[in-house]
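Structure data follow from run_8.pdb (PDB, C-alpha atoms, pLDDT in the B column):
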```
ATOM      1  CA  MET A   1      -1.141 121.552  73.928  1.00 67.00           C
ATOM      2  CA  ASN A   2       2.548 120.766  73.724  1.00 86.00           C
ATOM      3  CA  PRO A   3       5.210 123.137  75.080  1.00 89.00           C
ATOM      4  CA  GLY A   4       7.363 123.340  71.976  1.00 91.00           C
ATOM      5  CA  ARG A   5       4.630 124.995  69.903  1.00 92.00           C
ATOM      6  CA  TYR A   6       3.106 127.129  72.664  1.00 93.00           C
ATOM      7  CA  THR A   7       3.162 130.486  70.881  1.00 94.00           C
ATOM      8  CA  TRP A   8       1.160 132.280  73.570  1.00 94.00           C
ATOM      9  CA  GLY A   9       3.701 131.315  76.212  1.00 94.00           C
ATOM     10  CA  PHE A  10       6.504 132.445  73.925  1.00 97.00           C
ATOM     11  CA  HIS A  11       4.729 135.749  73.292  1.00 96.00           C
ATOM     12  CA  ASN A  12       4.359 136.243  77.041  1.00 97.00           C
ATOM     13  CA  LEU A  13       8.115 135.931  77.451  1.00 97.00           C
ATOM     14  CA  LEU A  14       8.713 138.384  74.605  1.00 98.00           C
ATOM     15  CA  TRP A  15       6.396 140.910  76.244  1.00 98.00           C
ATOM     16  CA  GLN A  16       8.051 140.478  79.620  1.00 98.00           C
ATOM     17  CA  ASN A  17      11.355 141.390  77.991  1.00 98.00           C
ATOM     18  CA  GLY A  18       9.947 144.428  76.190  1.00 97.00           C
ATOM     19  CA  ALA A  19       9.975 142.664  72.803  1.00 98.00           C
ATOM     20  CA  ASN A  20       7.197 141.650  70.404  1.00 97.00           C
ATOM     21  CA  ILE A  21       6.450 139.922  67.111  1.00 97.00           C
ATOM     22  CA  TYR A  22       6.302 143.244  65.275  1.00 97.00           C
ATOM     23  CA  ALA A  23       8.233 146.433  65.893  1.00 96.00           C
ATOM     24  CA  ALA A  24       6.274 149.305  67.421  1.00 94.00           C
ATOM     25  CA  ASP A  25       5.352 150.743  64.013  1.00 94.00           C
ATOM     26  CA  LEU A  26       3.913 147.332  62.958  1.00 95.00           C
ATOM     27  CA  LYS A  27       5.792 147.595  59.663  1.00 94.00           C
ATOM     28  CA  ARG A  28       8.561 145.081  60.272  1.00 96.00           C
ATOM     29  CA  ALA A  29       9.246 142.025  62.385  1.00 97.00           C
ATOM     30  CA  GLY A  30      10.687 142.656  65.830  1.00 98.00           C
ATOM     31  CA  VAL A  31      11.881 139.108  66.504  1.00 98.00           C
ATOM     32  CA  THR A  32      15.537 139.790  65.726  1.00 98.00           C
ATOM     33  CA  ASP A  33      15.797 142.642  68.215  1.00 98.00           C
ATOM     34  CA  PRO A  34      18.251 141.847  71.051  1.00 98.00           C
ATOM     35  CA  ALA A  35      15.460 141.455  73.614  1.00 98.00           C
ATOM     36  CA  ALA A  36      13.651 138.942  71.399  1.00 98.00           C
ATOM     37  CA  LEU A  37      16.835 136.977  70.752  1.00 98.00           C
ATOM     38  CA  GLU A  38      17.447 136.792  74.498  1.00 98.00           C
ATOM     39  CA  VAL A  39      14.015 135.205  74.923  1.00 98.00           C
ATOM     40  CA  ALA A  40      14.646 132.732  72.090  1.00 98.00           C
ATOM     41  CA  GLU A  41      17.907 131.653  73.699  1.00 98.00           C
ATOM     42  CA  PHE A  42      16.119 131.191  77.021  1.00 98.00           C
ATOM     43  CA  TRP A  43      13.438 129.124  75.243  1.00 97.00           C
ATOM     44  CA  GLU A  44      16.161 126.972  73.698  1.00 97.00           C
ATOM     45  CA  ALA A  45      17.929 126.434  77.003  1.00 97.00           C
ATOM     46  CA  LEU A  46      14.893 125.314  79.038  1.00 95.00           C
ATOM     47  CA  PRO A  47      14.701 121.738  77.667  1.00 94.00           C
ATOM     48  CA  ASN A  48      18.176 121.385  76.165  1.00 94.00           C
ATOM     49  CA  GLN A  49      20.547 122.956  78.707  1.00 94.00           C
ATOM     50  CA  HIS A  50      18.631 123.260  81.959  1.00 94.00           C
ATOM     51  CA  LYS A  51      16.518 120.103  81.438  1.00 93.00           C
ATOM     52  CA  VAL A  52      13.589 121.617  83.348  1.00 91.00           C
ATOM     53  CA  ALA A  53      10.930 121.464  80.617  1.00 93.00           C
ATOM     54  CA  PRO A  54       9.172 118.424  79.139  1.00 93.00           C
ATOM     55  CA  PRO A  55       9.721 117.124  75.582  1.00 92.00           C
ATOM     56  CA  ALA A  56       8.201 119.181  72.781  1.00 91.00           C
ATOM     57  CA  ASN A  57       5.365 116.748  72.058  1.00 90.00           C
ATOM     58  CA  THR A  58       4.202 116.400  75.665  1.00 94.00           C
ATOM     59  CA  ASN A  59       0.526 117.013  76.385  1.00 94.00           C
ATOM     60  CA  CYS A  60       1.034 119.332  79.360  1.00 94.00           C
ATOM     61  CA  ARG A  61      -2.533 119.048  80.615  1.00 94.00           C
ATOM     62  CA  ASP A  62      -2.402 115.250  80.749  1.00 94.00           C
ATOM     63  CA  ALA A  63       1.079 115.279  82.273  1.00 95.00           C
ATOM     64  CA  PHE A  64      -0.038 117.737  84.969  1.00 95.00           C
ATOM     65  CA  ILE A  65      -3.118 115.672  85.822  1.00 95.00           C
ATOM     66  CA  ALA A  66      -0.972 112.538  86.004  1.00 95.00           C
ATOM     67  CA  GLY A  67       1.460 114.211  88.406  1.00 94.00           C
ATOM     68  CA  ARG A  68       4.384 114.147  85.971  1.00 94.00           C
ATOM     69  CA  LEU A  69       4.529 117.931  85.599  1.00 93.00           C
ATOM     70  CA  GLY A  70       4.967 120.035  88.704  1.00 93.00           C
ATOM     71  CA  MET A  71       4.219 123.499  87.277  1.00 93.00           C
ATOM     72  CA  TRP A  72       2.121 124.362  84.277  1.00 92.00           C
ATOM     73  CA  ILE A  73       1.664 127.866  82.843  1.00 92.00           C
ATOM     74  CA  ALA A  74      -1.516 127.856  80.799  1.00 90.00           C
ATOM     75  CA  GLY A  75      -4.783 129.644  80.135  1.00 88.00           C
ATOM     76  CA  SER A  76      -7.256 130.162  82.940  1.00 88.00           C
ATOM     77  CA  TRP A  77      -9.904 128.177  81.047  1.00 89.00           C
ATOM     78  CA  ASN A  78      -8.124 124.977  82.112  1.00 91.00           C
ATOM     79  CA  PHE A  79      -9.129 125.246  85.749  1.00 91.00           C
ATOM     80  CA  ALA A  80     -12.640 123.831  85.262  1.00 89.00           C
ATOM     81  CA  GLY A  81     -11.235 120.688  83.636  1.00 91.00           C
ATOM     82  CA  LEU A  82      -8.658 120.276  86.407  1.00 94.00           C
ATOM     83  CA  ARG A  83     -11.409 120.399  88.993  1.00 93.00           C
ATOM     84  CA  GLU A  84     -13.442 117.864  87.058  1.00 93.00           C
ATOM     85  CA  ALA A  85     -10.366 115.611  87.052  1.00 95.00           C
ATOM     86  CA  LYS A  86     -10.143 116.111  90.848  1.00 95.00           C
ATOM     87  CA  VAL A  87      -6.585 117.421  90.663  1.00 93.00           C
ATOM     88  CA  ASP A  88      -5.185 119.066  93.774  1.00 93.00           C
ATOM     89  CA  PHE A  89      -3.674 122.281  92.428  1.00 95.00           C
ATOM     90  CA  VAL A  90      -3.025 125.894  93.402  1.00 95.00           C
ATOM     91  CA  ALA A  91      -3.253 128.852  91.018  1.00 93.00           C
ATOM     92  CA  VAL A  92      -0.516 131.463  91.411  1.00 93.00           C
ATOM     93  CA  PRO A  93       0.480 134.590  89.453  1.00 93.00           C
ATOM     94  CA  VAL A  94       2.515 134.107  86.285  1.00 94.00           C
ATOM     95  CA  PRO A  95       6.156 134.549  87.342  1.00 94.00           C
ATOM     96  CA  ARG A  96       8.201 137.465  86.079  1.00 96.00           C
ATOM     97  CA  LEU A  97      11.055 135.786  84.235  1.00 96.00           C
ATOM     98  CA  PHE A  98      12.345 138.889  82.464  1.00 98.00           C
ATOM     99  CA  LYS A  99      12.164 142.667  82.943  1.00 97.00           C
ATOM    100  CA  GLN A 100       8.422 143.267  83.295  1.00 95.00           C
ATOM    101  CA  ALA A 101       5.632 141.457  85.130  1.00 95.00           C
ATOM    102  CA  VAL A 102       3.519 141.154  81.987  1.00 96.00           C
ATOM    103  CA  VAL A 103       0.805 138.510  81.723  1.00 95.00           C
ATOM    104  CA  TRP A 104      -0.527 137.225  78.419  1.00 94.00           C
ATOM    105  CA  ALA A 105      -4.224 137.842  77.786  1.00 91.00           C
ATOM    106  CA  MET A 106      -6.555 137.439  74.829  1.00 86.00           C
ATOM    107  CA  PRO A 107      -9.769 139.335  74.055  1.00 81.00           C
ATOM    108  CA  HIS A 108     -12.883 137.793  72.559  1.00 80.00           C
ATOM    109  CA  GLN A 109     -15.116 139.992  70.430  1.00 81.00           C
ATOM    110  CA  TYR A 110     -18.494 139.781  68.791  1.00 82.00           C
ATOM    111  CA  THR A 111     -18.355 140.506  65.074  1.00 83.00           C
ATOM    112  CA  PHE A 112     -21.534 141.137  63.130  1.00 81.00           C
ATOM    113  CA  PRO A 113     -21.140 140.970  59.339  1.00 82.00           C
ATOM    114  CA  LYS A 114     -22.772 143.723  57.374  1.00 82.00           C
ATOM    115  CA  PRO A 115     -25.697 142.233  55.390  1.00 81.00           C
ATOM    116  CA  LYS A 116     -25.585 142.636  51.635  1.00 85.00           C
ATOM    117  CA  GLY A 117     -29.334 143.018  51.382  1.00 84.00           C
ATOM    118  CA  ALA A 118     -32.013 144.308  53.706  1.00 86.00           C
ATOM    119  CA  ALA A 119     -31.338 143.799  57.402  1.00 83.00           C
ATOM    120  CA  ASP A 120     -33.263 140.989  59.072  1.00 88.00           C
ATOM    121  CA  ARG A 121     -34.655 142.633  62.204  1.00 90.00           C
ATOM    122  CA  ALA A 122     -35.522 139.314  63.855  1.00 94.00           C
ATOM    123  CA  ARG A 123     -31.994 137.973  63.422  1.00 90.00           C
ATOM    124  CA  ARG A 124     -30.496 141.227  64.632  1.00 89.00           C
ATOM    125  CA  ASP A 125     -32.709 141.258  67.729  1.00 94.00           C
ATOM    126  CA  ALA A 126     -31.804 137.620  68.440  1.00 95.00           C
ATOM    127  CA  ALA A 127     -28.097 138.450  68.224  1.00 92.00           C
ATOM    128  CA  TRP A 128     -28.459 141.361  70.630  1.00 93.00           C
ATOM    129  CA  ALA A 129     -30.508 139.179  72.989  1.00 96.00           C
ATOM    130  CA  HIS A 130     -27.594 136.756  73.084  1.00 93.00           C
ATOM    131  CA  VAL A 131     -25.129 139.571  73.790  1.00 91.00           C
ATOM    132  CA  ARG A 132     -27.344 140.838  76.595  1.00 92.00           C
ATOM    133  CA  TRP A 133     -27.548 137.350  78.090  1.00 92.00           C
ATOM    134  CA  MET A 134     -23.768 137.020  78.051  1.00 89.00           C
ATOM    135  CA  THR A 135     -23.422 140.438  79.676  1.00 87.00           C
ATOM    136  CA  ASP A 136     -26.051 139.755  82.332  1.00 89.00           C
ATOM    137  CA  ASN A 137     -24.607 136.341  83.224  1.00 90.00           C
ATOM    138  CA  VAL A 138     -20.895 137.110  83.281  1.00 88.00           C
ATOM    139  CA  ALA A 139     -20.282 135.567  86.692  1.00 89.00           C
ATOM    140  CA  GLU A 140     -22.006 132.345  85.705  1.00 89.00           C
ATOM    141  CA  TRP A 141     -19.961 131.660  82.586  1.00 87.00           C
ATOM    142  CA  THR A 142     -16.768 132.913  84.213  1.00 88.00           C
ATOM    143  CA  LEU A 143     -17.128 130.327  86.966  1.00 88.00           C
ATOM    144  CA  LYS A 144     -17.756 127.558  84.439  1.00 86.00           C
ATOM    145  CA  ALA A 145     -15.313 128.574  81.722  1.00 85.00           C
ATOM    146  CA  GLY A 146     -12.596 130.395  83.659  1.00 83.00           C
ATOM    147  CA  GLN A 147     -12.424 133.367  81.324  1.00 84.00           C
ATOM    148  CA  VAL A 148     -12.851 136.771  82.910  1.00 83.00           C
ATOM    149  CA  SER A 149     -15.016 139.359  81.198  1.00 82.00           C
ATOM    150  CA  ALA A 150     -13.770 142.791  80.242  1.00 78.00           C
ATOM    151  CA  SER A 151     -16.866 144.072  82.039  1.00 79.00           C
ATOM    152  CA  ARG A 152     -15.694 145.040  85.498  1.00 81.00           C
ATOM    153  CA  LYS A 153     -19.145 144.602  87.006  1.00 80.00           C
ATOM    154  CA  ALA A 154     -18.649 140.874  87.573  1.00 83.00           C
ATOM    155  CA  HIS A 155     -15.170 141.313  89.022  1.00 87.00           C
ATOM    156  CA  ALA A 156     -16.681 142.233  92.370  1.00 88.00           C
ATOM    157  CA  ASP A 157     -19.263 139.433  92.368  1.00 90.00           C
ATOM    158  CA  PRO A 158     -18.821 137.371  95.571  1.00 92.00           C
ATOM    159  CA  ARG A 159     -18.872 134.171  93.525  1.00 91.00           C
ATOM    160  CA  ILE A 160     -15.876 135.440  91.548  1.00 91.00           C
ATOM    161  CA  THR A 161     -13.919 136.972  94.405  1.00 91.00           C
ATOM    162  CA  GLY A 162     -14.575 133.852  96.479  1.00 92.00           C
ATOM    163  CA  ASP A 163     -12.955 131.547  93.945  1.00 92.00           C
ATOM    164  CA  PRO A 164      -9.187 131.194  94.620  1.00 92.00           C
ATOM    165  CA  VAL A 165      -8.292 130.627  90.961  1.00 92.00           C
ATOM    166  CA  LEU A 166     -10.233 133.614  89.670  1.00 91.00           C
ATOM    167  CA  ARG A 167      -8.974 135.735  92.547  1.00 91.00           C
ATOM    168  CA  ALA A 168      -5.378 134.980  91.508  1.00 91.00           C
ATOM    169  CA  LEU A 169      -6.265 135.741  87.910  1.00 90.00           C
ATOM    170  CA  LEU A 170      -7.897 139.085  88.653  1.00 91.00           C
ATOM    171  CA  ALA A 171      -5.008 140.144  90.867  1.00 92.00           C
ATOM    172  CA  GLN A 172      -2.863 140.229  87.732  1.00 92.00           C
ATOM    173  CA  ALA A 173      -5.251 142.473  85.783  1.00 90.00           C
ATOM    174  CA  PRO A 174      -2.923 145.519  85.889  1.00 93.00           C
ATOM    175  CA  SER A 175      -0.286 143.415  84.101  1.00 95.00           C
ATOM    176  CA  TRP A 176      -2.459 141.975  81.318  1.00 94.00           C
ATOM    177  CA  GLN A 177      -1.323 142.524  77.741  1.00 95.00           C
ATOM    178  CA  VAL A 178      -2.876 141.458  74.445  1.00 93.00           C
ATOM    179  CA  GLY A 179      -1.539 140.914  70.942  1.00 93.00           C
ATOM    180  CA  GLN A 180      -0.573 143.753  68.652  1.00 95.00           C
ATOM    181  CA  PRO A 181      -3.345 145.468  66.652  1.00 93.00           C
ATOM    182  CA  THR A 182      -2.512 144.274  63.157  1.00 94.00           C
ATOM    183  CA  PRO A 183      -4.585 142.108  60.788  1.00 93.00           C
ATOM    184  CA  LYS A 184      -1.421 140.092  60.120  1.00 95.00           C
ATOM    185  CA  ARG A 185      -1.082 138.953  63.748  1.00 92.00           C
ATOM    186  CA  VAL A 186      -2.771 135.564  63.304  1.00 93.00           C
ATOM    187  CA  ALA A 187      -0.715 134.781  60.190  1.00 96.00           C
ATOM    188  CA  ALA A 188       2.448 135.779  62.055  1.00 96.00           C
ATOM    189  CA  GLU A 189       1.444 133.548  64.957  1.00 95.00           C
ATOM    190  CA  ASN A 190       0.942 130.564  62.643  1.00 95.00           C
ATOM    191  CA  ILE A 191       4.385 131.125  61.131  1.00 96.00           C
ATOM    192  CA  THR A 192       5.925 131.420  64.594  1.00 97.00           C
ATOM    193  CA  ARG A 193       4.715 128.035  65.841  1.00 96.00           C
ATOM    194  CA  PRO A 194       7.021 125.695  63.849  1.00 96.00           C
ATOM    195  CA  VAL A 195       9.964 128.056  64.285  1.00 97.00           C
ATOM    196  CA  ILE A 196       9.838 128.099  68.078  1.00 97.00           C
ATOM    197  CA  GLU A 197       9.368 124.326  68.031  1.00 96.00           C
ATOM    198  CA  ALA A 198      12.612 124.002  66.049  1.00 97.00           C
ATOM    199  CA  ILE A 199      14.308 126.133  68.717  1.00 97.00           C
ATOM    200  CA  TYR A 200      12.770 124.149  71.577  1.00 97.00           C
ATOM    201  CA  THR A 201      13.831 120.797  70.129  1.00 96.00           C
ATOM    202  CA  GLY A 202      17.342 122.012  69.390  1.00 95.00           C
ATOM    203  CA  GLN A 203      16.938 121.514  65.646  1.00 96.00           C
ATOM    204  CA  LYS A 204      17.876 125.109  64.869  1.00 96.00           C
ATOM    205  CA  PRO A 205      19.940 127.669  66.822  1.00 97.00           C
ATOM    206  CA  ALA A 206      17.856 130.446  68.338  1.00 98.00           C
ATOM    207  CA  LYS A 207      19.444 133.310  66.405  1.00 98.00           C
ATOM    208  CA  ALA A 208      19.219 131.600  63.003  1.00 98.00           C
ATOM    209  CA  ALA A 209      15.631 130.538  63.678  1.00 98.00           C
ATOM    210  CA  MET A 210      14.538 134.041  64.638  1.00 98.00           C
ATOM    211  CA  GLU A 211      16.222 135.515  61.569  1.00 98.00           C
ATOM    212  CA  ASP A 212      14.295 133.024  59.442  1.00 98.00           C
ATOM    213  CA  LEU A 213      11.081 133.916  61.285  1.00 98.00           C
ATOM    214  CA  ALA A 214      11.685 137.622  60.654  1.00 98.00           C
ATOM    215  CA  ARG A 215      12.064 136.982  56.923  1.00 98.00           C
ATOM    216  CA  GLN A 216       8.791 135.045  56.853  1.00 98.00           C
ATOM    217  CA  ILE A 217       6.907 137.699  58.834  1.00 98.00           C
ATOM    218  CA  ASN A 218       8.236 140.540  56.689  1.00 97.00           C
ATOM    219  CA  ALA A 219       7.103 138.640  53.586  1.00 97.00           C
ATOM    220  CA  LEU A 220       3.466 138.422  54.715  1.00 96.00           C
ATOM    221  CA  PRO A 221       1.160 140.292  52.331  1.00 93.00           C
ATOM    222  CA  ASP A 222      -0.562 143.458  53.544  1.00 83.00           C
TER     223      ASP A 222
END
```
Would you mind writing the structure in this file as structure tokens?
Amino acid sequence: MNPGRYTWGFHNLLWQNGANIYAADLKRAGVTDPAALEVAEFWEALPNQHKVAPPANTNCRDAFIAGRLGMWIAGSWNFAGLREAKVDFVAVPVPRLFKQAVVWAMPHQYTFPKPKGAADRARRDAAWAHVRWMTDNVAEWTLKAGQVSASRKAHADPRITGDPVLRALLAQAPSWQVGQPTPKRVAAENITRPVIEAIYTGQKPAKAAMEDLARQINALPD
């Protein structure tokens, strides 16, 4: 993961400033709204003006493990790998850099395609057995993978509450936010990545880049 193309981090900043990829009605891009432009200018200034962020092509995980990066904002799933690498680190809440203490989150869902022919009962039962296993063993896979379940049952498990990283993560639960409910979100995210990289590297001014991004998002097919 390199910082220049870190769309999820960029989204988090948008959300903290009350902005988003799409406007509230999900019919047009929201990235040229004043709050979004403020975030883009901040993004541009981090490596180019303030000199407090690494180059765009830096592998942040490797740099953090090597001690060349002092603070790294990333997904909770990284903590298992950091422990395996025997890195001495402390997990803290995501800082509020703009108006709201919003923290980026992402849901994972099971999707079962509708069969064209007759349903295969054995396959269906096997799928539900897997879902039940995941539900019954939430604490186990949370400890190993670092991703907290939407099921609140495991949140009070002593193994979860006793882990300092997961404890810091769960403390932010009231501030979690996920992406907007539109089927075009993934396509918009893919378009966003090279645009925010151009801003981060100073190749394109923030305002012009966001205007270009808005045109691309608005042109996505329904």
Test item: residues at most 8 Å from Leu213 (chain A), all atoms listed in the file, excluding those fewer than 5 positions along its chain, as a PyMOL selection string | chain A and resi 31+191-192+195
Filtering to C-alpha atoms, could you give me those residues as a PDB file, in the frame of the given file?
```
ATOM      1  CA  VAL A  31      11.881 139.108  66.504  1.00 98.00           C
ATOM      2  CA  ILE A 191       4.385 131.125  61.131  1.00 96.00           C
ATOM      3  CA  THR A 192       5.925 131.420  64.594  1.00 97.00           C
ATOM      4  CA  VAL A 195       9.964 128.056  64.285  1.00 97.00           C
TER       5      VAL A 195
END
```
Between CA of Asp212 (chain A) and CA of Val52 (chain A), what is the distance, to one decimal in Å?
->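 According to the coordinates, CA of Asp212 (chain A) and CA of Val52 (chain A) are separated by 26.5 Å.
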Would you translate the PyMOL selection byres ((chain A and resi 40) around 8) into the concrete set of residues it matches in this file, as a PyMOL selection string?
-> chain A and resi 36-39+41-44+196+199+206-207+210
Pick from A:Ala173, A:Cys60, A:Val103, A:Ala168, whichever lies nearest to Ser149 (chain A) using only C-alpha atoms |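 Checking each of A:Ala173, A:Cys60, A:Val103, A:Ala168 against Ser149 (chain A), counting only C-alpha atoms, the winner is A:Ala173.
Using all atoms listed in the file for every distance, the candidate list A:Ala19, A:Leu169, A:Ala208, A:Ala198 yields A:Ala198 as the residue closest to Ala56 (chain A).
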One-decimal distance in Å that lies between CA of Gly18 (chain A) and CA of Ala171 (chain A) =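 About the pair CA of Ala171 (chain A) and CA of Gly18 (chain A): they are 21.4 Å apart.
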Selection: 8 Å around Pro54 (chain A), only C-alpha atoms, excl. self and same-chain fewer than 5 positions, as a PDB file with C-alpha atoms, in the frame of the given file:
```
ATOM      1  CA  PRO A   3       5.210 123.137  75.080  1.00 89.00           C
ATOM      2  CA  PRO A  47      14.701 121.738  77.667  1.00 94.00           C
ATOM      3  CA  LEU A  69       4.529 117.931  85.599  1.00 93.00           C
TER       4      LEU A  69
END
```
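Among the candidates A:Gln180, A:Thr58, A:Asn218, A:Gln100, the residue lying nearest to Asn20 (chain A) is A:Gln180 (atoms considered: only C-alpha atoms).
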Go through A:Met71, A:Ala129, A:Ala66, A:Val92 one by one, measure the shortest atom-to-atom distance of each to Ala53 (chain A) using all atoms listed in the file, and give the residue with the smallest value.
->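 Selected residue with least distance to Ala53 (chain A): A:Met71.
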Would you list the contacts of region 106-113 of chain A as a VMD selection string, taking every protein, DNA or RNA residue within 8 Å and counting only C-alpha atoms, but skipping same-chain residues closer than 2 positions in sequence?
-> chain A and resid 104 115 177 to 179
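Put simply, CA of His155 (chain A) is 7.6 Å away from CA of Leu170 (chain A).
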For Gly81 (chain A), list every protein, DNA or RNA residue within 12 Å, evaluated using all atoms listed in the file, and leave out those in the same chain fewer than 2 positions away; present the list as an NGL selection string.
-> :A and (61-62 or 64-65 or 75-79 or 83-89 or 143-146)
Reference answer for the PyMOL selection byres ((chain A and resi 5) around 8), as a PDB file with C-alpha atoms, in the frame of the given file:
```pdb
ATOM      1  CA  MET A   1      -1.141 121.552  73.928  1.00 67.00           C
ATOM      2  CA  ASN A   2       2.548 120.766  73.724  1.00 86.00           C
ATOM      3  CA  PRO A   3       5.210 123.137  75.080  1.00 89.00           C
ATOM      4  CA  GLY A   4       7.363 123.340  71.976  1.00 91.00           C
ATOM      5  CA  TYR A   6       3.106 127.129  72.664  1.00 93.00           C
ATOM      6  CA  THR A   7       3.162 130.486  70.881  1.00 94.00           C
ATOM      7  CA  ALA A  56       8.201 119.181  72.781  1.00 91.00           C
ATOM      8  CA  ARG A 193       4.715 128.035  65.841  1.00 96.00           C
ATOM      9  CA  PRO A 194       7.021 125.695  63.849  1.00 96.00           C
ATOM     10  CA  ILE A 196       9.838 128.099  68.078  1.00 97.00           C
ATOM     11  CA  GLU A 197       9.368 124.326  68.031  1.00 96.00           C
TER      12      GLU A 197
END
```
Because the input lacks atoms here, generate all heavy atoms for region 26-32 of chain A and report them as a PDB file, in the frame of the given file.
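Writing done, so here's result_5.pdb:
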```
ATOM      1  N   LEU A  26       4.651 148.433  63.590  1.00 95.00           N
ATOM      2  CA  LEU A  26       3.913 147.332  62.958  1.00 95.00           C
ATOM      3  C   LEU A  26       4.267 147.138  61.485  1.00 95.00           C
ATOM      4  O   LEU A  26       3.551 146.466  60.757  1.00 95.00           O
ATOM      5  CB  LEU A  26       2.390 147.533  63.099  1.00 95.00           C
ATOM      6  CG  LEU A  26       1.846 147.671  64.523  1.00 95.00           C
ATOM      7  CD1 LEU A  26       0.342 147.903  64.487  1.00 95.00           C
ATOM      8  CD2 LEU A  26       2.182 146.445  65.364  1.00 95.00           C
ATOM      9  N   LYS A  27       5.392 147.687  61.072  1.00 94.00           N
ATOM     10  CA  LYS A  27       5.792 147.595  59.663  1.00 94.00           C
ATOM     11  C   LYS A  27       6.853 146.539  59.401  1.00 94.00           C
ATOM     12  O   LYS A  27       7.063 146.136  58.260  1.00 94.00           O
ATOM     13  CB  LYS A  27       6.289 148.959  59.179  1.00 94.00           C
ATOM     14  CG  LYS A  27       5.202 150.023  59.139  1.00 94.00           C
ATOM     15  CD  LYS A  27       5.757 151.344  58.632  1.00 94.00           C
ATOM     16  CE  LYS A  27       4.654 152.403  58.571  1.00 94.00           C
ATOM     17  NZ  LYS A  27       5.172 153.708  58.090  1.00 94.00           N
ATOM     18  N   ARG A  28       7.524 146.099  60.442  1.00 96.00           N
ATOM     19  CA  ARG A  28       8.561 145.081  60.272  1.00 96.00           C
ATOM     20  C   ARG A  28       8.571 144.166  61.488  1.00 96.00           C
ATOM     21  O   ARG A  28       8.078 144.520  62.566  1.00 96.00           O
ATOM     22  CB  ARG A  28       9.945 145.734  60.113  1.00 96.00           C
ATOM     23  CG  ARG A  28      10.408 146.485  61.350  1.00 96.00           C
ATOM     24  CD  ARG A  28      11.864 146.924  61.269  1.00 96.00           C
ATOM     25  NE  ARG A  28      12.297 147.602  62.502  1.00 96.00           N
ATOM     26  CZ  ARG A  28      12.710 146.959  63.586  1.00 96.00           C
ATOM     27  NH1 ARG A  28      12.771 145.634  63.613  1.00 96.00           N
ATOM     28  NH2 ARG A  28      13.084 147.639  64.664  1.00 96.00           N
ATOM     29  N   ALA A  29       9.142 142.986  61.287  1.00 97.00           N
ATOM     30  CA  ALA A  29       9.246 142.025  62.385  1.00 97.00           C
ATOM     31  C   ALA A  29      10.182 142.555  63.473  1.00 97.00           C
ATOM     32  O   ALA A  29      11.180 143.220  63.178  1.00 97.00           O
ATOM     33  CB  ALA A  29       9.752 140.695  61.858  1.00 97.00           C
ATOM     34  N   GLY A  30       9.847 142.235  64.719  1.00 98.00           N
ATOM     35  CA  GLY A  30      10.687 142.656  65.830  1.00 98.00           C
ATOM     36  C   GLY A  30      11.421 141.492  66.476  1.00 98.00           C
ATOM     37  O   GLY A  30      12.054 141.662  67.522  1.00 98.00           O
ATOM     38  N   VAL A  31      11.361 140.308  65.850  1.00 98.00           N
ATOM     39  CA  VAL A  31      11.881 139.108  66.504  1.00 98.00           C
ATOM     40  C   VAL A  31      13.395 138.942  66.420  1.00 98.00           C
ATOM     41  O   VAL A  31      13.940 137.997  67.000  1.00 98.00           O
ATOM     42  CB  VAL A  31      11.189 137.852  65.928  1.00 98.00           C
ATOM     43  CG1 VAL A  31       9.715 137.839  66.287  1.00 98.00           C
ATOM     44  CG2 VAL A  31      11.371 137.761  64.409  1.00 98.00           C
ATOM     45  N   THR A  32      14.072 139.847  65.722  1.00 98.00           N
ATOM     46  CA  THR A  32      15.537 139.790  65.726  1.00 98.00           C
ATOM     47  C   THR A  32      16.137 140.893  66.594  1.00 98.00           C
ATOM     48  O   THR A  32      17.362 141.035  66.648  1.00 98.00           O
ATOM     49  CB  THR A  32      16.104 139.910  64.289  1.00 98.00           C
ATOM     50  OG1 THR A  32      15.581 141.080  63.667  1.00 98.00           O
ATOM     51  CG2 THR A  32      15.756 138.684  63.469  1.00 98.00           C
TER      52      THR A  32
END
```
